[in-house]
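One file, input_6.txt, is given below (compact mmCIF, C-alpha atoms and all ligand atoms).
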# COMPACT_ATOMS: atom_id res chain seq x y z
CA MET A 211 -14.52 -15.35 -13.10
CA ALA A 212 -17.29 -13.46 -11.31
CA ALA A 213 -19.21 -11.20 -13.70
CA ASP A 214 -17.97 -7.99 -12.14
CA SER A 215 -14.32 -9.07 -11.80
CA ILE A 216 -11.67 -7.73 -14.15
CA ILE A 217 -8.74 -9.43 -12.41
CA GLU A 218 -8.70 -12.94 -11.03
CA ILE A 219 -5.63 -14.20 -9.21
CA LYS A 220 -5.36 -17.80 -8.07
CA ASN A 221 -2.55 -19.29 -5.99
CA LEU A 222 -0.04 -16.89 -7.49
CA THR A 223 3.49 -17.69 -6.31
CA LYS A 224 6.96 -16.35 -7.09
CA ILE A 225 10.04 -18.08 -5.81
CA PHE A 226 13.55 -16.60 -6.18
CA GLY A 227 15.99 -19.42 -5.52
CA LYS A 228 14.64 -20.86 -2.29
CA PHE A 229 12.90 -17.66 -1.24
CA LYS A 230 9.14 -17.32 -1.63
CA ALA A 231 8.61 -13.63 -2.42
CA VAL A 232 4.93 -14.18 -3.22
CA ASP A 233 3.33 -17.09 -1.47
CA ASN A 234 0.18 -18.56 -2.92
CA ILE A 235 -2.00 -15.46 -3.07
CA SER A 236 -5.55 -15.42 -4.43
CA PHE A 237 -7.95 -12.52 -4.89
CA ASP A 238 -10.28 -10.88 -7.39
CA VAL A 239 -10.42 -7.21 -8.29
CA LYS A 240 -13.75 -5.80 -9.41
CA LYS A 241 -14.13 -3.65 -12.49
CA GLY A 242 -13.82 0.01 -11.49
CA GLU A 243 -12.36 -0.75 -8.10
CA ILE A 244 -9.34 0.89 -6.46
CA PHE A 245 -7.61 -2.06 -4.83
CA GLY A 246 -4.69 -1.68 -2.43
CA LEU A 247 -1.82 -4.02 -1.62
CA LEU A 248 -0.59 -2.74 1.73
CA GLY A 249 2.50 -4.10 3.40
CA PRO A 250 6.04 -3.36 4.58
CA ASN A 251 9.15 -3.29 2.40
CA GLY A 252 9.92 -6.75 1.08
CA ALA A 253 6.36 -8.04 1.50
CA GLY A 254 6.17 -8.97 -2.18
CA LYS A 255 4.02 -6.13 -3.49
CA SER A 256 6.18 -5.08 -6.44
CA THR A 257 6.82 -8.70 -7.39
CA THR A 258 3.06 -9.27 -7.49
CA LEU A 259 2.53 -6.22 -9.71
CA ARG A 260 5.34 -7.32 -11.99
CA MET A 261 3.65 -10.68 -12.50
CA LEU A 262 0.31 -8.96 -13.17
CA SER A 263 2.10 -6.74 -15.71
CA THR A 264 3.70 -9.70 -17.58
CA LEU A 265 7.16 -8.41 -16.57
CA SER A 266 7.87 -11.42 -14.36
CA LYS A 267 6.69 -14.99 -14.88
CA PRO A 268 4.87 -16.62 -11.97
CA THR A 269 6.53 -19.72 -10.52
CA SER A 270 3.04 -21.16 -10.17
CA GLY A 271 -0.56 -20.07 -10.07
CA THR A 272 -2.53 -17.94 -12.52
CA ALA A 273 -3.54 -14.34 -13.06
CA ILE A 274 -6.26 -13.41 -15.53
CA ILE A 275 -6.65 -9.77 -16.58
CA GLY A 276 -9.77 -8.89 -18.57
CA GLY A 277 -10.11 -12.52 -19.61
CA TYR A 278 -6.46 -12.91 -20.63
CA ASP A 279 -3.85 -15.03 -18.87
CA VAL A 280 -0.67 -13.06 -18.03
CA VAL A 281 1.55 -15.89 -19.26
CA LYS A 282 -0.38 -17.32 -22.21
CA HIS A 283 -1.78 -14.03 -23.55
CA ASP A 284 0.84 -11.52 -22.45
CA THR A 285 0.50 -9.34 -25.55
CA GLN A 286 -3.25 -8.87 -25.01
CA VAL A 287 -2.70 -8.21 -21.31
CA ARG A 288 -0.17 -5.49 -22.07
CA LYS A 289 -2.76 -3.68 -24.20
CA LEU A 290 -5.14 -3.53 -21.24
CA ILE A 291 -2.74 -2.22 -18.63
CA GLY A 292 -0.71 0.83 -17.68
CA ILE A 293 1.99 0.73 -15.04
CA VAL A 294 3.63 3.37 -12.88
CA SER A 295 6.59 1.63 -11.31
CA GLU A 296 9.20 2.78 -8.83
CA LYS A 297 11.81 3.04 -11.54
CA MET A 298 10.36 5.14 -14.34
CA ILE A 299 12.52 6.78 -16.95
CA MET A 300 11.80 10.20 -18.41
CA TYR A 301 14.11 12.11 -20.68
CA ASN A 302 15.19 15.18 -18.75
CA ARG A 303 16.25 17.15 -21.84
CA LEU A 304 12.95 16.57 -23.62
CA THR A 305 9.86 18.64 -22.81
CA ALA A 306 6.74 17.17 -21.24
CA ARG A 307 5.04 16.92 -24.64
CA GLU A 308 8.13 15.45 -26.31
CA ASN A 309 8.44 12.76 -23.64
CA LEU A 310 4.80 11.77 -24.00
CA TRP A 311 5.07 11.83 -27.78
CA PHE A 312 8.07 9.50 -27.59
CA PHE A 313 6.40 7.02 -25.22
CA GLY A 314 3.05 7.30 -26.99
CA ASN A 315 4.69 6.21 -30.22
CA LEU A 316 5.70 2.94 -28.57
CA PHE A 317 1.99 2.11 -28.68
CA ASP A 318 0.01 1.72 -31.84
CA ILE A 319 -1.86 5.01 -31.46
CA PRO A 320 -2.64 7.06 -34.61
CA HIS A 321 -0.80 10.41 -34.47
CA ASP A 322 -3.85 12.67 -34.44
CA GLN A 323 -5.36 10.63 -31.58
CA LEU A 324 -2.10 10.63 -29.68
CA LYS A 325 -1.78 14.41 -29.97
CA LYS A 326 -5.30 14.84 -28.59
CA ARG A 327 -4.69 12.32 -25.83
CA ILE A 328 -1.48 14.06 -24.72
CA ASP A 329 -3.25 17.42 -24.49
CA GLU A 330 -6.15 15.89 -22.54
CA LEU A 331 -3.84 14.14 -20.11
CA LEU A 332 -1.60 17.15 -19.52
CA ASP A 333 -4.75 19.13 -18.80
CA LEU A 334 -6.01 16.42 -16.43
CA VAL A 335 -2.86 16.65 -14.28
CA GLN A 336 -2.63 20.43 -14.62
CA LEU A 337 0.63 20.44 -16.51
CA THR A 338 -0.65 22.18 -19.64
CA ASN A 339 1.29 25.33 -18.75
CA PHE A 340 4.47 23.30 -18.54
CA LYS A 341 4.02 21.25 -21.70
CA ASN A 342 6.97 22.89 -23.42
CA ALA A 343 9.26 22.86 -20.37
CA GLN A 344 12.05 20.32 -20.04
CA VAL A 345 11.13 17.53 -17.64
CA GLY A 346 14.55 17.96 -15.98
CA THR A 347 13.28 21.22 -14.48
CA PHE A 348 10.21 19.57 -12.88
CA SER A 349 9.65 18.99 -9.15
CA THR A 350 9.36 15.41 -7.86
CA GLY A 351 5.58 15.81 -7.68
CA MET A 352 5.35 17.05 -11.28
CA ARG A 353 7.55 14.19 -12.46
CA GLN A 354 5.32 11.67 -10.72
CA ARG A 355 2.27 13.21 -12.40
CA MET A 356 4.11 12.79 -15.71
CA ASN A 357 4.75 9.13 -14.86
CA VAL A 358 1.08 8.56 -14.22
CA VAL A 359 0.11 10.35 -17.43
CA ARG A 360 2.60 8.27 -19.36
CA ALA A 361 0.94 5.08 -18.09
CA LEU A 362 -2.41 6.40 -19.30
CA LEU A 363 -1.42 7.13 -22.91
CA ASN A 364 -2.93 3.88 -24.21
CA THR A 365 -6.17 4.46 -22.23
CA PRO A 366 -5.68 1.31 -20.12
CA GLN A 367 -8.57 -0.46 -18.44
CA VAL A 368 -6.33 -1.33 -15.53
CA LEU A 369 -3.74 0.98 -13.99
CA TYR A 370 -1.04 -0.35 -11.66
CA LEU A 371 0.62 2.11 -9.32
CA ASP A 372 3.66 0.89 -7.42
CA GLU A 373 4.21 3.11 -4.34
CA PRO A 374 2.94 6.21 -6.17
CA THR A 375 3.55 8.64 -3.31
CA LEU A 376 6.98 7.35 -2.30
CA GLY A 377 9.37 10.25 -1.84
CA LEU A 378 6.71 12.88 -2.49
CA ASP A 379 6.10 15.85 -0.22
CA PRO A 380 2.67 15.84 1.51
CA GLN A 381 1.11 18.29 -0.97
CA SER A 382 2.21 16.25 -4.01
CA SER A 383 0.97 13.06 -2.32
CA VAL A 384 -2.46 14.63 -1.92
CA GLU A 385 -2.43 15.66 -5.58
CA ILE A 386 -1.59 12.16 -6.78
CA ARG A 387 -4.25 10.59 -4.55
CA GLU A 388 -6.89 13.07 -5.70
CA PHE A 389 -5.93 12.61 -9.32
CA VAL A 390 -6.11 8.81 -9.20
CA LYS A 391 -9.49 8.97 -7.49
CA LYS A 392 -10.75 11.42 -10.08
CA LEU A 393 -9.50 9.26 -12.94
CA ASN A 394 -11.10 6.20 -11.41
CA LYS A 395 -14.40 7.99 -10.92
CA GLU A 396 -14.56 9.67 -14.31
CA SER A 397 -13.20 6.99 -16.60
CA GLY A 398 -13.94 3.89 -14.50
CA THR A 399 -10.30 2.78 -14.70
CA THR A 400 -9.60 -0.12 -12.36
CA VAL A 401 -6.60 0.62 -10.15
CA ILE A 402 -4.26 -1.59 -8.18
CA ILE A 403 -1.98 0.38 -5.93
CA THR A 404 0.82 -0.95 -3.75
CA THR A 405 1.85 1.06 -0.74
CA HIS A 406 3.40 0.89 2.68
CA MET A 407 1.69 4.18 3.56
CA MET A 408 -1.41 3.63 5.66
CA VAL A 409 -2.87 6.96 4.63
CA ASP A 410 -2.72 6.08 0.92
CA ALA A 411 -4.53 2.84 1.50
CA ASP A 412 -7.05 4.42 3.83
CA LEU A 413 -7.92 7.40 1.64
CA MET A 414 -7.80 5.81 -1.80
CA CYS A 415 -8.75 2.17 -1.74
CA ASP A 416 -12.17 0.55 -1.95
CA ARG A 417 -10.63 -2.65 -0.60
CA ILE A 418 -7.24 -3.42 0.88
CA ALA A 419 -5.24 -6.63 0.97
CA ILE A 420 -2.74 -6.60 3.80
CA VAL A 421 0.39 -8.46 2.68
CA ASP A 422 3.19 -9.68 4.88
CA HIS A 423 6.02 -12.06 3.94
CA GLY A 424 4.43 -12.77 0.56
CA LYS A 425 1.04 -13.75 1.98
CA ILE A 426 -2.30 -11.98 2.14
CA VAL A 427 -3.16 -11.90 5.82
CA ALA A 428 -6.39 -9.86 5.56
CA LEU A 429 -8.57 -8.46 2.80
CA ASP A 430 -11.51 -6.12 3.21
CA THR A 431 -12.62 -2.49 3.15
CA SER A 432 -10.71 -0.18 5.43
CA SER A 433 -13.68 0.24 7.76
CA ASN A 434 -14.30 -3.50 8.00
CA LEU A 435 -10.63 -4.11 8.72
CA LYS A 436 -10.82 -1.59 11.54
CA LYS A 437 -13.95 -3.26 12.89
CA THR A 438 -11.96 -6.44 13.36
CA ILE A 439 -10.26 -4.61 16.20
CA SER A 440 -12.96 -2.40 17.67
CA GLY A 441 -15.61 -5.08 17.29
CA ALA A 442 -13.65 -7.70 19.15
CA ASP A 443 -12.76 -7.36 22.81
CA THR A 444 -9.65 -5.42 21.92
CA THR A 445 -9.23 -1.80 23.00
CA ILE A 446 -6.51 0.69 22.21
CA LEU A 447 -5.29 2.79 25.10
CA LYS A 448 -3.12 5.87 24.79
CA LEU A 449 -1.42 6.58 28.07
CA GLY A 450 0.70 9.48 29.26
CA ILE A 451 2.95 8.41 32.11
CA ALA A 452 5.01 11.13 33.75
CA ASN A 453 7.81 8.91 35.03
CA LEU A 454 7.90 6.36 32.25
CA ASN A 455 10.87 4.01 32.20
CA SER A 456 11.80 0.71 30.58
CA ASP A 457 10.98 -1.29 33.72
CA LEU A 458 7.44 0.10 33.67
CA ILE A 459 7.04 -0.67 29.97
CA GLU A 460 8.27 -4.21 30.57
CA THR A 461 5.78 -4.67 33.41
CA ILE A 462 2.89 -3.64 31.16
CA ARG A 463 4.20 -5.89 28.38
CA ASN A 464 4.19 -8.84 30.73
CA LEU A 465 0.47 -8.48 31.42
CA ASN A 466 -1.63 -11.21 29.88
CA CYS A 467 -4.17 -8.66 28.65
CA ALA A 468 -1.58 -6.60 26.73
CA ASP A 469 -1.18 -7.71 23.12
CA SER A 470 1.32 -5.03 22.20
CA VAL A 471 2.96 -2.01 23.74
CA THR A 472 4.59 0.74 21.70
CA GLN A 473 5.99 4.11 22.58
CA GLU A 474 4.73 6.81 20.24
CA ASP A 475 6.97 9.53 18.87
CA ASP A 476 5.39 12.00 21.29
CA GLY A 477 6.30 9.79 24.29
CA HIS A 478 2.84 8.34 24.87
CA LEU A 479 2.39 4.61 25.30
CA LYS A 480 -0.01 2.91 22.94
CA ILE A 481 -1.29 -0.37 24.28
CA LEU A 482 -3.52 -2.89 22.54
CA VAL A 483 -5.35 -4.73 25.29
CA HIS A 484 -8.03 -7.38 25.35
CA GLY A 485 -10.53 -8.59 27.93
CA GLN A 486 -12.90 -7.12 30.49
CA GLU A 487 -10.30 -6.59 33.19
CA ALA A 488 -7.75 -4.98 30.89
CA PHE A 489 -8.21 -1.38 32.10
CA ASP A 490 -7.89 -2.36 35.77
CA ASN A 491 -4.93 -4.61 35.12
CA VAL A 492 -3.01 -1.95 33.23
CA ILE A 493 -3.65 0.68 35.91
CA ASP A 494 -2.74 -1.73 38.71
CA ALA A 495 0.49 -2.62 36.95
CA ILE A 496 1.45 1.03 36.54
CA ARG A 497 0.63 1.79 40.20
CA SER A 498 2.64 -1.22 41.36
CA LYS A 499 5.69 0.50 39.88
CA ASN A 500 4.68 3.92 41.23
CA GLY A 501 3.99 5.16 37.70
CA LYS A 502 2.16 8.49 37.48
CA ILE A 503 -0.58 8.48 34.86
CA SER A 504 -0.96 11.96 33.36
CA SER A 505 -3.47 11.13 30.65
CA MET A 506 -5.51 8.22 29.36
CA GLU A 507 -7.42 8.01 26.12
CA ASN A 508 -9.35 5.37 24.25
CA LEU A 509 -8.30 5.46 20.58
CA GLN A 510 -10.23 4.56 17.44
CA PRO A 511 -8.28 1.91 15.56
CA THR A 512 -6.25 2.96 12.53
CA LEU A 513 -5.05 0.71 9.72
CA GLU A 514 -1.66 0.70 11.46
CA ASP A 515 -3.35 -0.90 14.49
CA VAL A 516 -5.04 -3.44 12.26
CA PHE A 517 -1.72 -4.29 10.69
CA LEU A 518 -0.06 -4.62 14.08
CA HIS A 519 -2.90 -6.71 15.43
CA ILE A 520 -2.79 -9.14 12.53
CA THR A 521 0.94 -9.40 11.86
CA GLY A 522 2.42 -8.66 15.26
CA HIS A 523 4.69 -5.96 13.89
CA GLN A 524 4.44 -2.47 12.49
CA VAL A 525 4.45 -1.63 8.83
CA ARG A 526 7.11 1.05 9.12
CA ASP A 527 10.72 -0.01 8.96
CA SER A 528 12.09 -1.47 12.16
CA ALA A 529 14.91 1.09 12.10
CA THR A 530 12.42 3.85 12.95
CA GLU A 531 10.76 1.99 15.79
CA LYS A 532 11.59 3.24 19.23
CA ILE A 533 10.95 0.01 21.07
CA PRO A 534 11.20 -3.43 19.51
CA MET A 535 7.75 -4.88 19.22
CA GLU A 536 6.62 -7.83 21.18
CA HIS A 537 3.34 -9.42 20.31
CA LYS A 538 2.47 -11.72 23.08
CA ARG A 539 -0.60 -13.43 21.74
CA PHE A 540 1.24 -14.44 18.62
CA GLY A 541 4.44 -15.17 20.50
CA GLN A 542 2.65 -17.53 22.82
CA GLN A 543 0.96 -19.33 19.96
CA ALA A 544 4.28 -19.77 18.23
CA GLN A 545 5.90 -21.16 21.34
CA GLY A 546 2.96 -23.47 21.86
CA ARG A 547 3.49 -24.95 18.47
CA ILE A 548 7.16 -25.57 19.11
CA ARG A 549 6.53 -27.38 22.36
N1 LIG A 601 14.76 -10.48 -8.87
C1 LIG A 601 14.82 -10.84 -7.59
N2 LIG A 601 15.71 -11.79 -7.18
C2 LIG A 601 15.77 -12.17 -5.90
N3 LIG A 601 14.98 -11.69 -4.92
C3 LIG A 601 14.08 -10.75 -5.25
C4 LIG A 601 13.96 -10.28 -6.60
N4 LIG A 601 12.96 -9.35 -6.64
C5 LIG A 601 12.51 -9.23 -5.37
N5 LIG A 601 13.18 -10.08 -4.54
C6 LIG A 601 12.94 -10.25 -3.11
O1 LIG A 601 11.58 -10.56 -2.92
C7 LIG A 601 11.06 -9.92 -1.77
C8 LIG A 601 9.86 -9.10 -2.14
O2 LIG A 601 10.30 -7.99 -2.90
P1 LIG A 601 9.30 -6.90 -3.44
O3 LIG A 601 8.23 -7.55 -4.21
O4 LIG A 601 10.12 -5.88 -4.15
O5 LIG A 601 8.69 -6.31 -2.10
P2 LIG A 601 7.87 -4.97 -1.84
O6 LIG A 601 7.55 -4.36 -3.17
O7 LIG A 601 6.68 -5.37 -1.07
O8 LIG A 601 8.78 -4.09 -1.03
C9 LIG A 601 12.20 -9.12 -1.18
O9 LIG A 601 12.78 -9.85 -0.13
C10 LIG A 601 13.14 -8.96 -2.33
O10 LIG A 601 14.48 -8.85 -1.88
MG MG A 602 8.02 -2.50 -3.90
Could I get this structure in the form of structure tokens?
Ligand SMILES: Nc1ncnc2c1ncn2[C@@H]1O[C@H](COP(=O)(O)OP(=O)(O)O)[C@@H](O)[C@H]1O
Ligand SMILES: [Mg+2]
Amino acid sequence: MAADSIIEIKNLTKIFGKFKAVDNISFDVKKGEIFGLLGPNGAGKSTTLRMLSTLSKPTSGTAIIGGYDVVKHDTQVRKLIGIVSEKMIMYNRLTARENLWFFGNLFDIPHDQLKKRIDELLDLVQLTNFKNAQVGTFSTGMRQRMNVVRALLNTPQVLYLDEPTLGLDPQSSVEIREFVKKLNKESGTTVIITTHMMVDADLMCDRIAIVDHGKIVALDTSSNLKKTISGADTTILKLGIANLNSDLIETIRNLNCADSVTQEDDGHLKILVHGQEAFDNVIDAIRSKNGKISSMENLQPTLEDVFLHITGHQVRDSATEKIPMEHKRFGQQAQGRIR
């Protein structure tokens, strides 16, 4: 293991029946890093975290946390980690303090230390004023802060957060992100966070692994991932077309220079194009169908664009997509292989 790594994952795989949920992934996480696993639903993020938490046994491959193997030394690993999972239980009829006291007693923490720790943590997430209120009366955001605090009772070196902002309102999401960053900065806790929210990954993580169908398809800092688009000959165009119709969209899609075409919620077309002639080709295609261009912008790539560029589909659920995606570069490669 590299000197500054706290987590080392090699060829980690989880197979359910015949289905590979996690497919031979390898990466290191540095001590003190906030590391993101970003990918759509079903990508294998939670399964990966469960293996790293000793809750699920890998089919093959290894994961070492702080020098301990998750299978061979699971007890030691559990002492090093805290986990905030999607399905956390809190006792609604107990107060905030009573809940933390209950869960704290599951660890081997002396009572005077635990009492101090609970007060510190409640203060850290600004719930001191609510310490004697029943958790059942808390907002979703407050409950999530309680979940995070609960995972920190044993002062873990590594904190796992599984979709920590899922179902939270924007304000509570900001609070959780800020809190995790503060915790990481002040106590040096290493964090692995899974998310399908681009903004979480972008604003929180030092490095991001993009996962799709159980595989890591890219791993870097957010800005380096974005450079893979803007640095190459790929450009993102945002076009307003007054008389947009499906025929026009299809015509643009059929251009060799167009890697993907999506209609944004506001009606604009977002087109990933490549090559020197791309601008001219897109405009010619629109004119050939008597399309009226009302606006044209060159966009900075977002993580969503990076994801689309690499995987050929969007991270958000297909049900919310307006137009089914077609990724021609990848499509052509796939066809080429078949022939
Ligand atoms: N216990 C299980 N048995 C069978 N399939 C599972 C089990 N747990 C997860 N899966 C499947 O593995 C895939 C990855 O799931 P998961 O790790 O929960 O994805 P993510 O957290 O990225 O949304 C999904 O297709 C899911 O249905
Ligand atoms: Mg999940």
Would you mind listing the residues within 12 Å of ligand LIG 601 (chain A), counting only C-alpha atoms and all ligand atoms, as number ranges by chain? A: 223-233, 247-261, 265-267, 295-297, 371-374, 376, 403-407, 420-426, 525-527
To one decimal place, how far is atom CA of A:Glu330 from atom CA of A:Phe348 in Å?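 For atom CA of A:Glu330 relative to atom CA of A:Phe348, the distance reads 19.4 Å.
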So, with all atoms listed in the file as the atoms that count, which of A:Ile439, A:Val294, A:Ile275, A:Val358 lies closest to ligand MG 602 (chain A)? A:Val294
Which polymer residues have any atom within 9 Å of an atom of A:Gly377, counting all atoms listed in the file, with same-chain residues fewer than 2 positions away left out, as a VMD selection string? chain A and resid 350 to 351 374 to 375 379 383
When you look at A:Val409 with a cut-off of 12 Å (counting only C-alpha atoms), what residues show up, excluding the ones that are within fewer than 3 positions of it in the same chain? I need them as an MDAnalysis selection string. chainID A and resid 246 248 375 380 383:384 387 405:406 412:415 418 432 512:514
Output file for the residues above (C-alpha atoms, as a JSON list (two decimals), in the frame of the given file):
[["chain", "number", "residue", "atom", "x", "y", "z"],
["A", 246, "GLY", "CA", -4.69, -1.68, -2.43],
["A", 248, "LEU", "CA", -0.59, -2.74, 1.73],
["A", 375, "THR", "CA", 3.55, 8.64, -3.31],
["A", 380, "PRO", "CA", 2.67, 15.84, 1.51],
["A", 383, "SER", "CA", 0.97, 13.06, -2.32],
["A", 384, "VAL", "CA", -2.46, 14.63, -1.92],
["A", 387, "ARG", "CA", -4.25, 10.59, -4.55],
["A", 405, "THR", "CA", 1.85, 1.06, -0.74],
["A", 406, "HIS", "CA", 3.40, 0.89, 2.68],
["A", 412, "ASP", "CA", -7.05, 4.42, 3.83],
["A", 413, "LEU", "CA", -7.92, 7.40, 1.64],
["A", 414, "MET", "CA", -7.80, 5.81, -1.80],
["A", 415, "CYS", "CA", -8.75, 2.17, -1.74],
["A", 418, "ILE", "CA", -7.24, -3.42, 0.88],
["A", 432, "SER", "CA", -10.71, -0.18, 5.43],
["A", 512, "THR", "CA", -6.25, 2.96, 12.53],
["A", 513, "LEU", "CA", -5.05, 0.71, 9.72],
["A", 514, "GLU", "CA", -1.66, 0.70, 11.46]]
Using all atoms listed in the file, can you tell me which of A:Gln336, A:Thr521, A:Ser505, A:Asn309 comes closest to A:Ile451? A:Ser505
State, in Å with one decimal place, the distance from atom CA of A:Leu518 to atom CA of A:Ile244. 23.2 Å
Which value, in Å to one decimal, gives the distance between atom CA of A:His519 and atom CA of A:Ala495?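 Interatomic distance, atom CA of A:His519 to atom CA of A:Ala495: 22.2 Å.
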Closest to A:Asp515 among A:Asn464, A:Thr285, A:Asn491, A:Thr444, using all atoms listed in the file?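 That would be A:Thr444, the residue with the smallest distance to A:Asp515.
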Given all atoms listed in the file as the counted atoms, nearest of A:Ser382, A:Ser456, A:Gln486, A:Ser263 to A:Tyr278: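 Result for the nearest residue to A:Tyr278: A:Ser263.
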Closest of A:Thr400, A:Gly292, A:Phe340, A:Leu393 to A:Leu363 - atom-to-atom distances counting only C-alpha atoms: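 Nearest to A:Leu363: A:Gly292.
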May I ask which of the residues A:Ala306, A:Leu482, A:Leu465, A:Ile319 is the closest one to A:Asp333, counting all atoms listed in the file? A:Ala306
